[in-house]
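Enquirer: For reference, the file protein-v3.txt (compact mmCIF, C-alpha atoms) is included below:
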```txt
# COMPACT_ATOMS: atom_id res chain seq x y z
CA MET A 247 188.43 70.47 29.61
CA LYS A 248 185.74 71.55 32.07
CA SER A 249 185.21 75.20 32.86
CA LYS A 250 185.71 76.50 36.39
CA ARG A 251 181.96 77.22 36.56
CA ARG A 252 181.18 73.67 35.57
CA LYS A 253 183.46 72.23 38.25
CA ILE A 254 181.86 74.40 40.93
CA PHE A 255 178.39 73.45 39.64
CA GLU A 256 179.18 69.74 39.92
CA LYS A 257 180.49 70.18 43.46
CA GLU A 258 177.43 72.16 44.53
CA VAL A 259 174.92 69.66 43.14
CA LEU A 260 176.76 66.48 44.11
CA CYS A 261 176.81 67.30 47.83
CA HIS A 262 172.99 66.95 47.91
CA LEU A 263 172.99 63.35 46.67
CA ASP A 264 172.11 61.70 50.01
CA ARG A 265 169.30 64.18 50.72
CA LEU A 266 167.91 63.73 47.21
CA TYR A 267 167.98 59.97 47.60
CA GLY A 268 166.14 60.27 50.91
CA TYR A 269 163.43 62.43 49.32
CA ALA A 270 163.25 60.06 46.34
CA MET A 271 162.73 57.14 48.75
CA HIS A 272 159.87 59.06 50.30
CA LEU A 273 158.32 59.76 46.87
CA CYS A 274 158.89 56.36 45.23
CA LYS A 275 158.73 54.00 48.23
CA ASN A 276 161.42 51.68 46.84
CA GLY A 277 165.15 51.87 46.25
CA GLU A 278 165.17 51.01 42.55
CA ASP A 279 162.67 53.70 41.51
CA ALA A 280 164.31 56.15 43.91
CA SER A 281 167.71 55.61 42.26
CA ASP A 282 166.13 56.11 38.82
CA LEU A 283 164.47 59.32 39.99
CA VAL A 284 167.74 60.66 41.40
CA GLN A 285 169.53 59.99 38.11
CA ASP A 286 166.71 61.61 36.10
CA THR A 287 166.88 64.59 38.45
CA TYR A 288 170.61 65.07 37.80
CA LEU A 289 170.06 64.68 34.04
CA ASN A 290 167.32 67.34 34.14
CA ALA A 291 169.50 69.56 36.33
CA LEU A 292 172.24 69.37 33.70
CA LYS A 293 169.76 70.38 31.00
CA SER A 294 168.79 73.41 33.11
CA GLU A 295 172.31 74.19 34.29
CA LYS A 296 172.27 77.70 32.82
CA GLN A 297 169.24 78.60 34.95
CA TYR A 298 171.24 77.97 38.14
CA SER A 299 173.32 80.75 39.65
CA ILE A 300 176.49 79.42 41.27
CA GLY A 301 176.60 79.93 45.02
CA THR A 302 172.81 80.15 45.44
CA ASN A 303 170.48 77.51 46.85
CA ALA A 304 171.37 74.29 45.02
CA GLY A 305 169.37 72.17 47.48
CA ALA A 306 166.03 73.90 46.88
CA TRP A 307 166.73 74.03 43.14
CA LEU A 308 167.44 70.29 42.92
CA PHE A 309 164.49 69.33 45.11
CA THR A 310 162.23 71.41 42.86
CA ILE A 311 163.58 69.58 39.81
CA MET A 312 163.12 66.23 41.54
CA ARG A 313 159.54 66.96 42.49
CA ASN A 314 158.68 68.14 38.96
CA THR A 315 160.42 65.12 37.46
CA PHE A 316 158.44 62.82 39.74
CA LEU A 317 155.11 64.52 38.99
CA ASN A 318 155.78 64.35 35.25
CA LYS A 319 156.48 60.62 35.56
CA ILE A 320 153.23 60.12 37.42
CA ARG A 321 151.29 62.14 34.84
CA LYS A 322 152.78 60.04 32.06
CA MET A 323 151.65 56.93 33.88
CA SER A 324 148.17 58.52 34.14
CA ARG A 325 148.15 58.14 37.87
CA LYS A 326 147.07 60.81 40.26
CA PRO A 327 148.94 61.31 43.52
CA ALA A 328 146.85 59.63 46.19
CA GLY A 329 145.79 60.80 49.58
CA MET A 330 144.67 64.39 49.13
CA ALA A 331 143.36 65.70 52.40
CA GLY A 332 139.64 65.70 52.80
CA GLU A 333 137.27 67.33 55.19
CA TRP A 334 137.99 64.70 57.86
CA ILE A 335 141.53 66.05 58.25
CA GLU A 336 140.25 69.59 58.61
CA GLN A 337 137.72 68.38 61.17
CA MET A 338 140.29 66.26 63.02
CA THR A 339 142.82 69.07 63.37
CA ARG A 340 140.12 71.53 64.44
CA GLU A 341 138.96 69.15 67.16
CA ASP A 342 142.52 68.35 68.23
CA ILE A 343 143.44 71.99 68.60
CA SER A 344 140.24 72.67 70.48
CA GLU A 345 140.96 69.79 72.90
CA LEU A 346 144.53 70.94 73.43
CA ARG A 347 143.30 74.42 74.26
CA LYS A 348 140.89 73.05 76.84
CA HIS A 349 142.90 70.33 78.50
CA GLY A 350 146.48 70.46 77.29
CA PRO A 351 148.29 67.34 76.03
CA ASP A 352 146.91 64.00 77.16
CA PRO A 353 149.13 62.66 80.00
CA SER A 354 148.91 59.17 78.49
CA VAL A 355 150.93 60.49 75.58
CA LYS A 356 154.07 59.90 77.68
CA CYS A 357 154.23 56.65 75.70
CA LEU A 358 155.47 58.73 72.76
CA ASP A 359 158.88 58.66 74.41
CA ASN A 360 159.59 55.19 73.03
CA LEU A 361 158.90 55.54 69.33
CA LEU A 362 160.01 52.89 66.88
CA LYS A 363 161.05 53.38 63.28
CA GLU A 364 158.00 51.36 62.19
CA ASP A 365 155.67 53.64 64.18
CA ILE A 366 157.10 56.74 62.54
CA ALA A 367 157.02 55.20 59.05
CA ARG A 368 153.40 54.10 59.46
CA ALA A 369 152.28 57.45 60.84
CA ILE A 370 153.96 59.32 57.99
CA GLU A 371 152.34 57.03 55.44
CA ASN A 372 148.97 57.85 56.96
CA LEU A 373 149.43 61.58 56.48
CA PRO A 374 147.76 62.99 53.34
CA ASP A 375 150.30 63.83 50.62
CA GLU A 376 150.33 67.58 51.02
CA PHE A 377 150.95 67.39 54.77
CA ARG A 378 153.50 64.58 54.39
CA ASP A 379 155.57 66.37 51.76
CA THR A 380 155.70 69.57 53.76
CA VAL A 381 156.56 67.91 57.07
CA ILE A 382 159.29 65.78 55.48
CA LEU A 383 160.87 68.72 53.66
CA CYS A 384 160.92 70.68 56.92
CA ASP A 385 161.57 68.10 59.64
CA VAL A 386 163.70 65.55 57.79
CA GLN A 387 165.37 67.58 55.04
CA GLY A 388 165.69 70.75 57.10
CA PHE A 389 164.48 73.23 54.47
CA SER A 390 163.24 76.70 55.44
CA TYR A 391 159.59 77.65 54.92
CA ALA A 392 160.68 79.84 51.99
CA ASP A 393 162.55 76.96 50.32
CA ILE A 394 159.59 74.61 50.81
CA ALA A 395 157.28 77.22 49.27
CA THR A 396 159.57 77.27 46.22
CA ILE A 397 159.87 73.48 45.99
CA LEU A 398 156.13 72.84 46.33
CA ASP A 399 155.08 76.02 44.51
CA ILE A 400 152.68 77.10 47.26
CA PRO A 401 152.44 80.26 49.40
CA ILE A 402 154.64 80.41 52.51
CA GLY A 403 151.57 80.76 54.74
CA THR A 404 150.29 77.46 53.40
CA VAL A 405 153.65 75.84 54.18
CA ARG A 406 153.46 77.06 57.76
CA SER A 407 149.88 75.91 58.20
CA ARG A 408 150.58 72.46 56.70
CA ILE A 409 153.57 71.95 58.96
CA HIS A 410 151.60 72.85 62.06
CA ARG A 411 148.66 70.64 61.14
CA GLY A 412 150.81 67.83 59.79
CA ARG A 413 152.82 67.59 63.01
CA LEU A 414 149.65 67.63 65.08
CA ILE A 415 148.07 64.83 63.04
CA LEU A 416 151.32 62.83 63.26
CA ARG A 417 151.49 63.25 67.02
CA ASN A 418 147.88 62.19 67.51
CA LEU A 419 148.18 59.16 65.22
CA LEU A 420 151.24 58.00 67.16
CA ALA A 421 149.57 58.68 70.49
CA ASP A 422 146.46 56.70 69.49
CA TRP A 423 148.45 53.67 68.34
CA LYS A 424 150.80 53.71 71.29
CA ASN A 425 147.93 54.08 73.70
CA VAL A 426 146.12 51.10 72.18
CA ALA A 427 149.33 49.04 72.20
CA MET A 428 149.74 49.80 75.88
CA GLY A 429 146.16 48.74 76.65
CA GLY A 430 144.65 52.21 76.90
CA SER A 431 141.16 53.05 75.75
CA MET B 1367 150.58 84.86 75.19
CA THR B 1368 147.73 82.32 74.94
CA CYS B 1369 148.35 78.56 74.63
CA GLU B 1370 147.11 78.77 71.03
CA ASP B 1371 149.67 81.45 70.19
CA ALA B 1372 152.32 79.44 72.04
CA HIS B 1373 151.60 76.35 69.91
CA LEU B 1374 152.07 78.36 66.71
CA SER B 1375 155.32 79.85 68.00
CA MET B 1376 156.54 76.42 69.15
CA HIS B 1377 156.15 74.98 65.67
CA ASP B 1378 158.02 77.92 64.18
CA TYR B 1379 160.74 77.52 66.82
CA ILE B 1380 161.13 73.81 66.05
CA SER B 1381 161.33 74.69 62.34
CA GLY B 1382 164.03 77.29 63.05
CA GLU B 1383 161.67 80.00 61.82
CA LEU B 1384 160.62 81.81 65.01
CA ALA B 1385 161.05 85.57 64.73
CA ALA B 1386 163.37 86.96 67.43
CA GLU B 1387 160.66 89.11 69.01
CA HIS B 1388 158.49 86.04 69.69
CA TYR B 1389 161.21 84.07 71.47
CA LYS B 1390 161.00 85.64 74.94
CA PRO B 1391 157.17 85.64 75.10
CA LEU B 1392 157.21 81.95 74.18
CA MET B 1393 159.81 81.05 76.81
CA ASP B 1394 157.94 83.12 79.45
CA HIS B 1395 154.71 81.31 78.60
CA MET B 1396 156.34 77.87 78.78
CA ASP B 1397 157.92 78.70 82.14
CA GLU B 1398 154.40 79.00 83.51
CA CYS B 1399 152.44 76.46 81.44
CA MET B 1400 153.20 72.79 82.02
CA ASN B 1401 150.81 71.69 79.26
CA CYS B 1402 152.66 73.73 76.67
CA GLN B 1403 156.00 72.53 78.02
CA GLU B 1404 154.88 68.93 77.55
CA PHE B 1405 153.41 69.63 74.11
CA PHE B 1406 156.69 71.21 73.05
CA ARG B 1407 158.71 68.29 74.39
CA GLN B 1408 156.56 65.74 72.55
CA THR B 1409 156.55 67.63 69.27
CA ALA B 1410 160.31 68.20 69.32
CA HIS B 1411 160.88 64.56 70.24
CA ILE B 1412 158.80 63.31 67.29
CA GLN B 1413 160.70 65.61 64.94
CA THR B 1414 164.10 64.46 66.19
CA THR B 1415 163.09 60.80 66.01
CA MET B 1416 161.69 61.22 62.51
CA ARG B 1417 164.88 62.91 61.31
CA ASP B 1418 167.04 60.16 62.84
CA PHE B 1419 164.98 57.43 61.18
CA MET B 1420 164.49 58.97 57.76
CA LEU B 1421 167.94 60.10 56.74
CA TYR B 1422 169.39 57.97 53.96
CA GLU B 1423 172.77 57.44 52.39
CA ALA B 1424 172.73 56.96 48.63
CA PRO B 1425 173.89 53.43 47.63
CA SER B 1426 177.42 53.27 46.21
CA GLU B 1427 176.09 52.22 42.76
CA LEU B 1428 173.96 55.36 42.64
CA GLN B 1429 176.91 57.53 43.70
CA THR B 1430 178.92 56.02 40.83
CA ALA B 1431 176.08 56.48 38.34
CA VAL B 1432 175.53 60.14 39.27
CA SER B 1433 179.26 60.90 39.17
CA SER B 1434 179.31 59.34 35.71
CA ILE B 1435 176.32 61.44 34.55
CA LEU B 1436 178.09 64.61 35.67
CA ALA B 1437 181.47 63.58 34.28
CA ASN B 1438 180.17 62.64 30.84
CA ALA B 1439 177.81 65.57 30.29
```
Transcribe the structure of this file into structure tokens.

Expert:
Amino acid sequence: MKSKRRKIFEKEVLCHLDRLYGYAMHLCKNGEDASDLVQDTYLNALKSEKQYSIGTNAGAWLFTIMRNTFLNKIRKMSRKPAGMAGEWIEQMTREDISELRKHGPDPSVKCLDNLLKEDIARAIENLPDEFRDTVILCDVQGFSYADIATILDIPIGTVRSRIHRGRLILRNLLADWKNVAMGGS
Amino acid sequence: MTCEDAHLSMHDYISGELAAEHYKPLMDHMDECMNCQEFFRQTAHIQTTMRDFMLYEAPSELQTAVSSILANA
């Protein structure tokens, strides 16, 4: 016979299944590994059940467990997460912001109105990991800056900065591709 | 408010994190600055499109497997 606490716990964690699967798809890049990661996440959540206070933030708690589970898997496979941002990203965002200050958005960027799923997917894949994770947790999963800081274990100011820069890089990647596709220079 | 400050506030607004006291200065700035208006529109549009494209529903087999994990623990 399950306790009342246990029943509430199950309800609170189960309602995040679709979001967890979406984040797992982003981390693993394929459905099979994503499903495995989701199941491992729920198994690890059960092991840590006592650390969770009913009625608090199950979403952020589960996403933290998923991220740690994923990173542990990668460590075991002796692979490092790829795509850490280098100086070129810093340089690119500095130049972009400087240009925006001087001239405002490029009028040719009107072509961003007709974005395709493939464009978005490709642009996101081209973001360095730390920007990609932060933008996805904010813009797709809808987490607050504070929750993202908890999930990624980084300061809230870093979350804010990565979201700003990540969105700017994303916008400029999409604008460049769309402009080329439309015959621009 | 400068355009640089407006861009920072816009991102916070799109994230649902803009402090109440920054809302009116941002709207006043955008009323007068077409560049910032357009930048806001593009950024919000990318976010909405990304959210629409990247939301997933867990496959039914996974739903069954997770329910089973929770039921048998």

Enquirer: Please check the contacts: residues of chain B at most 6 Å away from chain A, using only C-alpha atoms, listed as a list in words.

Expert: Asn1401, Phe1405, Gln1413, Arg1417, Tyr1422, Glu1423 and Ala1424 of chain B

Enquirer: Hey, can you pull every residue with an atom no more than 10 Å from (154.9, 77.3, 76.0), using all atoms listed in the file, and send it as number ranges by chain?

Expert: B: 1367-1376, 1391-1407

Enquirer: Counting all atoms listed in the file, what is within 12 Å of Gly412 in chain A, bar same-chain residues fewer than 6 positions away, as a PyMOL selection string?

Expert: (chain A and resi 331+335-336+338-339+342+369-385+404-406+418-419) or (chain B and resi 1377+1409+1412-1413)

Enquirer: Any idea what the distance is between CA of Gly301 in chain A and CA of Ala1439 in chain B?

Expert: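 Taking CA of Gly301 in chain A and CA of Ala1439 in chain B, their separation equals 20.6 Å.
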
Enquirer: Do you have the CA of Ala421 in chain A-CA of Ala270 in chain A distance handy?

Expert: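 Pair CA of Ala421 in chain A / CA of Ala270 in chain A returns 27.8 Å.
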
Enquirer: Choose the residue, out of A:Trp307, A:Asn290, A:Ile400, A:Trp423, that has the smallest atom-to-atom separation from Arg368 in chain A; count only C-alpha atoms.

Expert: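 Among the listed residues, A:Trp423 lies closest to Arg368 in chain A.
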
Enquirer: Of the candidates A:Met247, A:Ile254, A:Leu317, A:Cys274, which one gets nearest to Glu295 in chain A if we count all atoms listed in the file?

Expert: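 Using all atoms listed in the file, Glu295 in chain A sits closest to A:Ile254.
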
Enquirer: Find the distance between CA of Cys261 in chain A and CA of Gly305 in chain A and write it in Å to one decimal.

Expert: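 Between CA of Cys261 in chain A and CA of Gly305 in chain A the gap works out to 8.9 Å.
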
Enquirer: Edge lengths and centre in Å to one decimal, as AutoDock Vina command-line options, of the axis-aligned box that encloses all listed atoms of range 370-388 of chain A with 5 Å added on every side?

Expert:
```
--center_x 156.7 --center_y 63.9 --center_z 55.1 --size_x 27.9 --size_y 23.7 --size_z 19.0
```
